[in-house]
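Written out below as structure tokens is the structure these notes cover.
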Amino acid sequence: MREIIYGINEQDSTAVTKPNVVTVGFFDGVHLGHQHLIRQVVSLAHDKGMESTVVTFSRHPRQVLQPRFKPQLLTTFEEKISLLTQTGVDNCVVLDFTKEMAALSARSFMQQVLRDQLHAHCLITGYDNKFGHNREEDFDDYVRHGQELGIEVLQSSPLTVGDILVSSSTVRRQLLDGDIEAASSCLGRRYSFAGKVVSGFQQGRKLGFPTANIELDDSQKLLPKTGVYAAKVLVEGEAEYKRAVMNIGVRPTFDGHEPTIEVHVIRYQGDLYGRRMTVCPYHRWRGEHKFETLDLLVTQMHEDVENTDSYFGMSDGQSAQQADNQNRR
């Protein structure tokens with residue numbers, strides 16, 4: 001990527017100086033469907049001798065239109081930009097979605113933003129993408145506006161993985177169902193979230209299974225369905241992902257009420273408090289269960305660790321670079 005452009009100046013139309021092929025979207029997750037669309041943008045731009053540009057937004061448009069809306073994001077803003085930089089696109093333009101922008105018709109957005117400020121000669125839309133005030137228009141309207149404005153408008157085809165149509169809403173549903181494998185297939189990488197290790201209830205340590213309690217970096221990040229998972233974690237300052245058992249839920253055996261993220265890093269020696277941890281869930285073992293005795297809980301925790309070890313095989317971890325390469329495949 002040549003440049004990340006944060007905002008555009010209405011008095012200056014030189015944010016992107018060369019003719020380019022553009023696509024517009026929120027791109028939450030930057031999943032395989034998004035990558036499929038962006039590859040078409042990059043390929044067509046190359047064929048036309050133009051630059052390729054992705055236009056996205058710093059916050060979810062519904063947060064402007066519906067202030068009480070709380071998105072469940074597949075990627076934080078920083079994660080999204082990082083993933084977009086890996087797509088091969090030349091430029092990423094980040095717009096601050098405002099009420100004024102929301103009031104623009106599709107034609108006005110195409111004229112004032114895409115043509116006049118970004119020098120777009122071609123727009124490729126997602127197969128289901130709609131933009132403009134109230135999202136009242138469709139692809140045929142965009143084509144007509146483009147003909148009037150000198151912008152060629154094309155539509156990307158949908159992408160399926162197996163028989164699943166890939167979309168951000170599909171990935172969210174898979175995660176909320178606890179189907180981590182399906183979500184990873186649609187994302188093209190392992191789903192992950194990160195946060196700081198904070199003080200917890202110390203119950204796990206008393207039972208012989210010390211756990212790290214994670215406070216998310218971004219409270220809007222979507223968490224998978226409650227339950228117990230096989231996971232791998234990367235601890236801040238360390239180079240290798242380590243296997244772990246993760247629990248997301250309210251700790252019913254201890255009569256908990258507030259949801260927590262607790263991670264037992266298998267055979268880990270060291271102090272985790274205050275350190276940042278990235279968590280990649282791989283497989284959901286079971287839902288939360290209230291055990292009648294602590295002995296039954298300890299027995300189940302031993303089984304969870306054994307199952308996780310078996311799931312990952314004999315190797316005791318992988319380097320951060322190996323995991324990063326795996327996530328990109």
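Residue numbers start at 1 in each chain; chains themselves are named A, B, ... in the order of the structure tokens; ligands are numbered from 1 in the order shown.
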Discussion item. If DSSP is run on the backbone, what residues of segment 85-261 of chain A are helix (DSSP H, G or I)? A reply as JSON, numbers by chain would be ideal.
Written reply: {"A": [85, 99, 100, 101, 102, 106, 107, 108, 109, 110, 111, 112, 113, 114, 115, 133, 134, 135, 139, 140, 141, 142, 143, 144, 145, 146, 147, 148, 149, 168, 169, 170, 171, 172, 173, 174, 175, 176, 180, 181, 182, 183, 184, 185, 186, 187, 203, 204, 205, 206, 252, 253, 254]}
Output of the above residues as a tab-separated table (two decimals), in the first residue's frame, restricted to C-alpha atoms:
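Written output follows (again_3.tsv):
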chain	number	residue	atom	x	y	z
A	85	THR	CA	-2.78	-2.76	3.95
A	99	LYS	CA	-24.51	13.32	9.74
A	100	GLU	CA	-23.67	15.60	6.82
A	101	MET	CA	-22.20	12.71	4.89
A	102	ALA	CA	-25.16	10.51	5.80
A	106	ALA	CA	-25.75	8.32	-3.69
A	107	ARG	CA	-25.23	10.64	-6.66
A	108	SER	CA	-23.92	13.46	-4.49
A	109	PHE	CA	-21.49	11.09	-2.74
A	110	MET	CA	-20.27	9.79	-6.09
A	111	GLN	CA	-19.81	13.32	-7.40
A	112	GLN	CA	-18.47	15.20	-4.39
A	113	VAL	CA	-16.32	12.49	-2.83
A	114	LEU	CA	-15.50	9.84	-5.42
A	115	ARG	CA	-15.15	11.98	-8.54
A	133	HIS	CA	-29.12	8.75	2.05
A	134	ASN	CA	-31.46	6.06	3.41
A	135	ARG	CA	-29.79	3.57	1.04
A	139	PHE	CA	-26.95	-0.88	-8.54
A	140	ASP	CA	-28.90	0.27	-11.61
A	141	ASP	CA	-29.19	3.75	-10.10
A	142	TYR	CA	-25.42	3.83	-9.42
A	143	VAL	CA	-24.77	2.88	-13.05
A	144	ARG	CA	-27.01	5.71	-14.25
A	145	HIS	CA	-25.34	8.25	-11.94
A	146	GLY	CA	-21.95	7.02	-13.06
A	147	GLN	CA	-22.82	7.52	-16.73
A	148	GLU	CA	-23.75	11.13	-15.93
A	149	LEU	CA	-20.59	11.70	-13.88
A	168	SER	CA	-19.72	-10.00	7.80
A	169	SER	CA	-23.15	-10.94	9.13
A	170	THR	CA	-22.47	-14.60	8.32
A	171	VAL	CA	-19.19	-14.54	10.28
A	172	ARG	CA	-20.88	-12.86	13.24
A	173	ARG	CA	-23.58	-15.51	13.27
A	174	GLN	CA	-20.98	-18.30	13.12
A	175	LEU	CA	-19.07	-16.85	16.06
A	176	LEU	CA	-22.23	-16.33	18.09
A	180	ILE	CA	-15.12	-21.11	15.22
A	181	GLU	CA	-13.96	-23.34	12.37
A	182	ALA	CA	-16.62	-22.03	9.97
A	183	ALA	CA	-15.89	-18.42	10.93
A	184	SER	CA	-12.17	-18.95	10.35
A	185	SER	CA	-12.92	-20.44	6.92
A	186	CYS	CA	-14.91	-17.35	5.91
A	187	LEU	CA	-12.34	-14.95	7.37
A	203	GLN	CA	-10.39	-19.23	42.05
A	204	GLY	CA	-8.54	-20.95	39.22
A	205	ARG	CA	-5.19	-20.61	40.98
A	206	LYS	CA	-6.64	-22.17	44.13
A	252	PRO	CA	-21.93	-20.38	37.23
A	253	THR	CA	-20.17	-22.75	39.66
A	254	PHE	CA	-19.11	-19.66	41.64
Item to complete: Write out as a PyMOL selection string which residues come within 10 Å of segment 1-9 of chain A when counting only C-alpha atoms, dropping same-chain ones fewer than 4 positions away.
Response: chain A and resi 13-16+51-58+81+84-97+113+117-118
Discussion item. List as a VMD selection string the protein and nucleic acid residues near Thr308 of chain A, meaning an atom at most 9 Å away when only C-alpha atoms are counted, but skip any in the same chain fewer than 6 places from it.
Written reply: chain A and resid 229 to 231 243 to 245 283 285
Based on the selection just made, write N, CA, C and O atoms of those residues as a compact mmCIF listing (two decimals), in the first residue's frame.
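Writing done, so here's out_34.txt:
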# COMPACT_ATOMS: atom_id res chain seq x y z
N TYR A 229 -13.21 -23.25 25.34
CA TYR A 229 -12.58 -23.36 24.03
C TYR A 229 -11.14 -23.82 24.13
O TYR A 229 -10.43 -23.49 25.09
N ALA A 230 -10.69 -24.54 23.12
CA ALA A 230 -9.27 -24.70 22.85
C ALA A 230 -8.81 -23.43 22.15
O ALA A 230 -9.47 -22.94 21.23
N ALA A 231 -7.69 -22.88 22.60
CA ALA A 231 -7.23 -21.60 22.05
C ALA A 231 -5.71 -21.58 21.99
O ALA A 231 -5.03 -22.42 22.59
N ARG A 243 -0.58 -22.80 23.70
CA ARG A 243 -1.91 -23.40 23.79
C ARG A 243 -2.57 -23.05 25.11
O ARG A 243 -1.90 -22.87 26.14
N ALA A 244 -3.89 -22.96 25.08
CA ALA A 244 -4.62 -22.52 26.27
C ALA A 244 -6.04 -23.07 26.24
O ALA A 244 -6.56 -23.47 25.20
N VAL A 245 -6.66 -23.07 27.42
CA VAL A 245 -8.08 -23.33 27.55
C VAL A 245 -8.74 -22.02 27.96
O VAL A 245 -8.31 -21.37 28.92
N HIS A 283 -11.51 -24.03 18.83
CA HIS A 283 -12.60 -25.02 18.86
C HIS A 283 -13.36 -24.88 20.17
O HIS A 283 -12.76 -24.76 21.25
N TRP A 285 -15.38 -26.53 23.04
CA TRP A 285 -15.57 -27.86 23.62
C TRP A 285 -16.98 -28.04 24.16
O TRP A 285 -17.60 -29.08 23.97
Item to complete: Find the residues near segment 31-48 of chain A: any atom within 7 Å, counting only C-alpha atoms, skip ones fewer than 5 places away on the same chain, and give them as a list in words.
Response: Asn20, Val21, Val22, Thr87, Val89, Ile124, Gly126, Ser156, Pro158, Leu159, Val166, Ser167, Cys186, Leu187 and Gly188 of chain A
Could you write out the selected residues, including N, CA and C atoms, as a compact mmCIF listing (two decimals), in the first residue's frame?
# COMPACT_ATOMS: atom_id res chain seq x y z
N ASN A 20 -8.23 6.51 -10.66
CA ASN A 20 -8.19 5.25 -9.91
C ASN A 20 -9.51 4.50 -9.96
N VAL A 21 -9.41 3.23 -9.62
CA VAL A 21 -10.56 2.35 -9.45
C VAL A 21 -10.83 2.26 -7.96
N VAL A 22 -12.10 2.46 -7.56
CA VAL A 22 -12.46 2.64 -6.16
C VAL A 22 -13.51 1.61 -5.74
N THR A 87 -3.76 -6.18 1.40
CA THR A 87 -4.55 -6.65 0.26
C THR A 87 -3.92 -6.32 -1.09
N VAL A 89 -3.86 -3.20 -2.30
CA VAL A 89 -4.45 -1.96 -2.81
C VAL A 89 -3.47 -0.80 -2.65
N ILE A 124 -16.29 -0.11 -8.21
CA ILE A 124 -16.76 -1.48 -8.12
C ILE A 124 -17.47 -1.63 -6.78
N GLY A 126 -19.80 -3.86 -3.93
CA GLY A 126 -20.06 -5.22 -3.48
C GLY A 126 -21.40 -5.68 -4.03
N SER A 156 -19.29 -6.39 -8.10
CA SER A 156 -18.54 -7.60 -7.79
C SER A 156 -19.49 -8.78 -7.62
N PRO A 158 -20.64 -12.32 -5.67
CA PRO A 158 -20.50 -12.83 -4.30
C PRO A 158 -19.49 -13.96 -4.25
N LEU A 159 -19.01 -14.25 -3.05
CA LEU A 159 -18.06 -15.34 -2.84
C LEU A 159 -18.67 -16.35 -1.88
N VAL A 166 -20.26 -15.77 1.89
CA VAL A 166 -19.42 -15.06 2.85
C VAL A 166 -19.86 -13.61 3.00
N SER A 167 -20.08 -13.21 4.23
CA SER A 167 -20.41 -11.82 4.55
C SER A 167 -20.06 -11.58 6.01
N CYS A 186 -14.39 -18.52 6.62
CA CYS A 186 -14.91 -17.35 5.91
C CYS A 186 -13.97 -16.15 6.04
N LEU A 187 -13.28 -16.05 7.17
CA LEU A 187 -12.34 -14.95 7.37
C LEU A 187 -11.04 -15.16 6.58
N GLY A 188 -10.68 -16.42 6.38
CA GLY A 188 -9.39 -16.71 5.76
C GLY A 188 -8.25 -16.64 6.75
Discussion item. Run DSSP on the backbone and tell me which residues of segment 48-203 of chain A come out as strand (DSSP E); list them as a PyMOL selection string.
Written reply: chain A and resi 51-57+91-95+120-125+152-155+160-161+164-165+193-198
Fill in: From A:Val235, A:Val305, A:Cys122, A:Leu74, residue lying nearest Asp271 of chain A [only C-alpha atoms]
A:Val235
Fill in: A:Val228, A:Ala103, A:Ala212, A:Val263 ranked by distance to Pro61 of chain A, top pick (using only C-alpha atoms)
A:Ala103
Fill in: Between atom CA of Thr75 of chain A and atom CA of Phe27 of chain A - distance in Å to one decimal
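Between atom CA of Phe27 of chain A and atom CA of Thr75 of chain A the gap is 9.0 Å.
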Fill in: Residue nearest Cys280 of chain A - candidates A:Met301, A:Ile261, A:Ala239, A:Leu234, atoms counted: only C-alpha atoms
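Using only C-alpha atoms, the shortest distance to Cys280 of chain A belongs to A:Leu234.
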Item to complete: Using only C-alpha atoms, determine which residues lie at most 8 Å from Val197 of chain A, disregarding the query and same-chain residues fewer than 2 positions distant; provide the list as a list of chain:residue names.
Response: A:Gly195, A:Ser199, A:Ala212, A:Asn213, A:Ile214, A:Glu215, A:Leu272, A:Tyr273, A:Gly274, A:Arg275, A:Arg276, A:Met277
Since we have the selection now, will you write its residues out, keeping N, CA, C and O atoms, as a PDB file, in the first residue's frame?
ATOM      1  N   GLY A 195      -6.490  -8.098  24.712  1.00  0.00           N
ATOM      2  CA  GLY A 195      -6.764  -7.247  25.854  1.00  0.00           C
ATOM      3  C   GLY A 195      -5.677  -7.384  26.904  1.00  0.00           C
ATOM      4  O   GLY A 195      -4.710  -8.143  26.750  1.00  0.00           O
ATOM      5  N   SER A 199      -6.561  -8.260  37.295  1.00  0.00           N
ATOM      6  CA  SER A 199      -6.824  -9.094  38.473  1.00  0.00           C
ATOM      7  C   SER A 199      -8.201  -9.732  38.370  1.00  0.00           C
ATOM      8  O   SER A 199      -9.169  -9.103  37.940  1.00  0.00           O
ATOM      9  N   ALA A 212      -5.781 -16.208  33.418  1.00  0.00           N
ATOM     10  CA  ALA A 212      -5.597 -14.792  33.130  1.00  0.00           C
ATOM     11  C   ALA A 212      -6.949 -14.215  32.746  1.00  0.00           C
ATOM     12  O   ALA A 212      -7.618 -14.731  31.844  1.00  0.00           O
ATOM     13  N   ASN A 213      -7.360 -13.182  33.441  1.00  0.00           N
ATOM     14  CA  ASN A 213      -8.612 -12.507  33.141  1.00  0.00           C
ATOM     15  C   ASN A 213      -8.346 -11.372  32.166  1.00  0.00           C
ATOM     16  O   ASN A 213      -7.534 -10.483  32.446  1.00  0.00           O
ATOM     17  N   ILE A 214      -9.025 -11.410  31.022  1.00  0.00           N
ATOM     18  CA  ILE A 214      -8.745 -10.480  29.937  1.00  0.00           C
ATOM     19  C   ILE A 214      -9.762  -9.346  29.920  1.00  0.00           C
ATOM     20  O   ILE A 214     -10.976  -9.570  29.928  1.00  0.00           O
ATOM     21  N   GLU A 215      -9.241  -8.127  29.921  1.00  0.00           N
ATOM     22  CA  GLU A 215     -10.075  -6.939  29.716  1.00  0.00           C
ATOM     23  C   GLU A 215      -9.849  -6.479  28.280  1.00  0.00           C
ATOM     24  O   GLU A 215      -8.744  -6.085  27.913  1.00  0.00           O
ATOM     25  N   LEU A 272       1.599 -12.893  34.366  1.00  0.00           N
ATOM     26  CA  LEU A 272       0.891 -12.326  33.216  1.00  0.00           C
ATOM     27  C   LEU A 272       0.206 -10.998  33.536  1.00  0.00           C
ATOM     28  O   LEU A 272      -0.221 -10.301  32.616  1.00  0.00           O
ATOM     29  N   TYR A 273       0.130 -10.642  34.783  1.00  0.00           N
ATOM     30  CA  TYR A 273      -0.636  -9.446  35.157  1.00  0.00           C
ATOM     31  C   TYR A 273      -0.073  -8.190  34.493  1.00  0.00           C
ATOM     32  O   TYR A 273       1.136  -7.958  34.483  1.00  0.00           O
ATOM     33  N   GLY A 274      -0.982  -7.418  33.936  1.00  0.00           N
ATOM     34  CA  GLY A 274      -0.605  -6.163  33.309  1.00  0.00           C
ATOM     35  C   GLY A 274      -0.117  -6.291  31.886  1.00  0.00           C
ATOM     36  O   GLY A 274       0.114  -5.285  31.218  1.00  0.00           O
ATOM     37  N   ARG A 275       0.035  -7.526  31.411  1.00  0.00           N
ATOM     38  CA  ARG A 275       0.537  -7.738  30.048  1.00  0.00           C
ATOM     39  C   ARG A 275      -0.638  -7.901  29.084  1.00  0.00           C
ATOM     40  O   ARG A 275      -1.719  -8.345  29.454  1.00  0.00           O
ATOM     41  N   ARG A 276      -0.379  -7.559  27.848  1.00  0.00           N
ATOM     42  CA  ARG A 276      -1.402  -7.673  26.819  1.00  0.00           C
ATOM     43  C   ARG A 276      -1.348  -9.079  26.223  1.00  0.00           C
ATOM     44  O   ARG A 276      -0.276  -9.640  26.045  1.00  0.00           O
ATOM     45  N   MET A 277      -2.506  -9.613  25.906  1.00  0.00           N
ATOM     46  CA  MET A 277      -2.580 -10.976  25.375  1.00  0.00           C
ATOM     47  C   MET A 277      -3.528 -11.009  24.180  1.00  0.00           C
ATOM     48  O   MET A 277      -4.625 -10.450  24.232  1.00  0.00           O
TER      49      MET A 277
END
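Ranking A:Arg189, A:Gly29, A:Gly249, A:Thr98 by their shortest atom-to-atom distance to Leu65 of chain A, with only C-alpha atoms included, puts A:Thr98 first.
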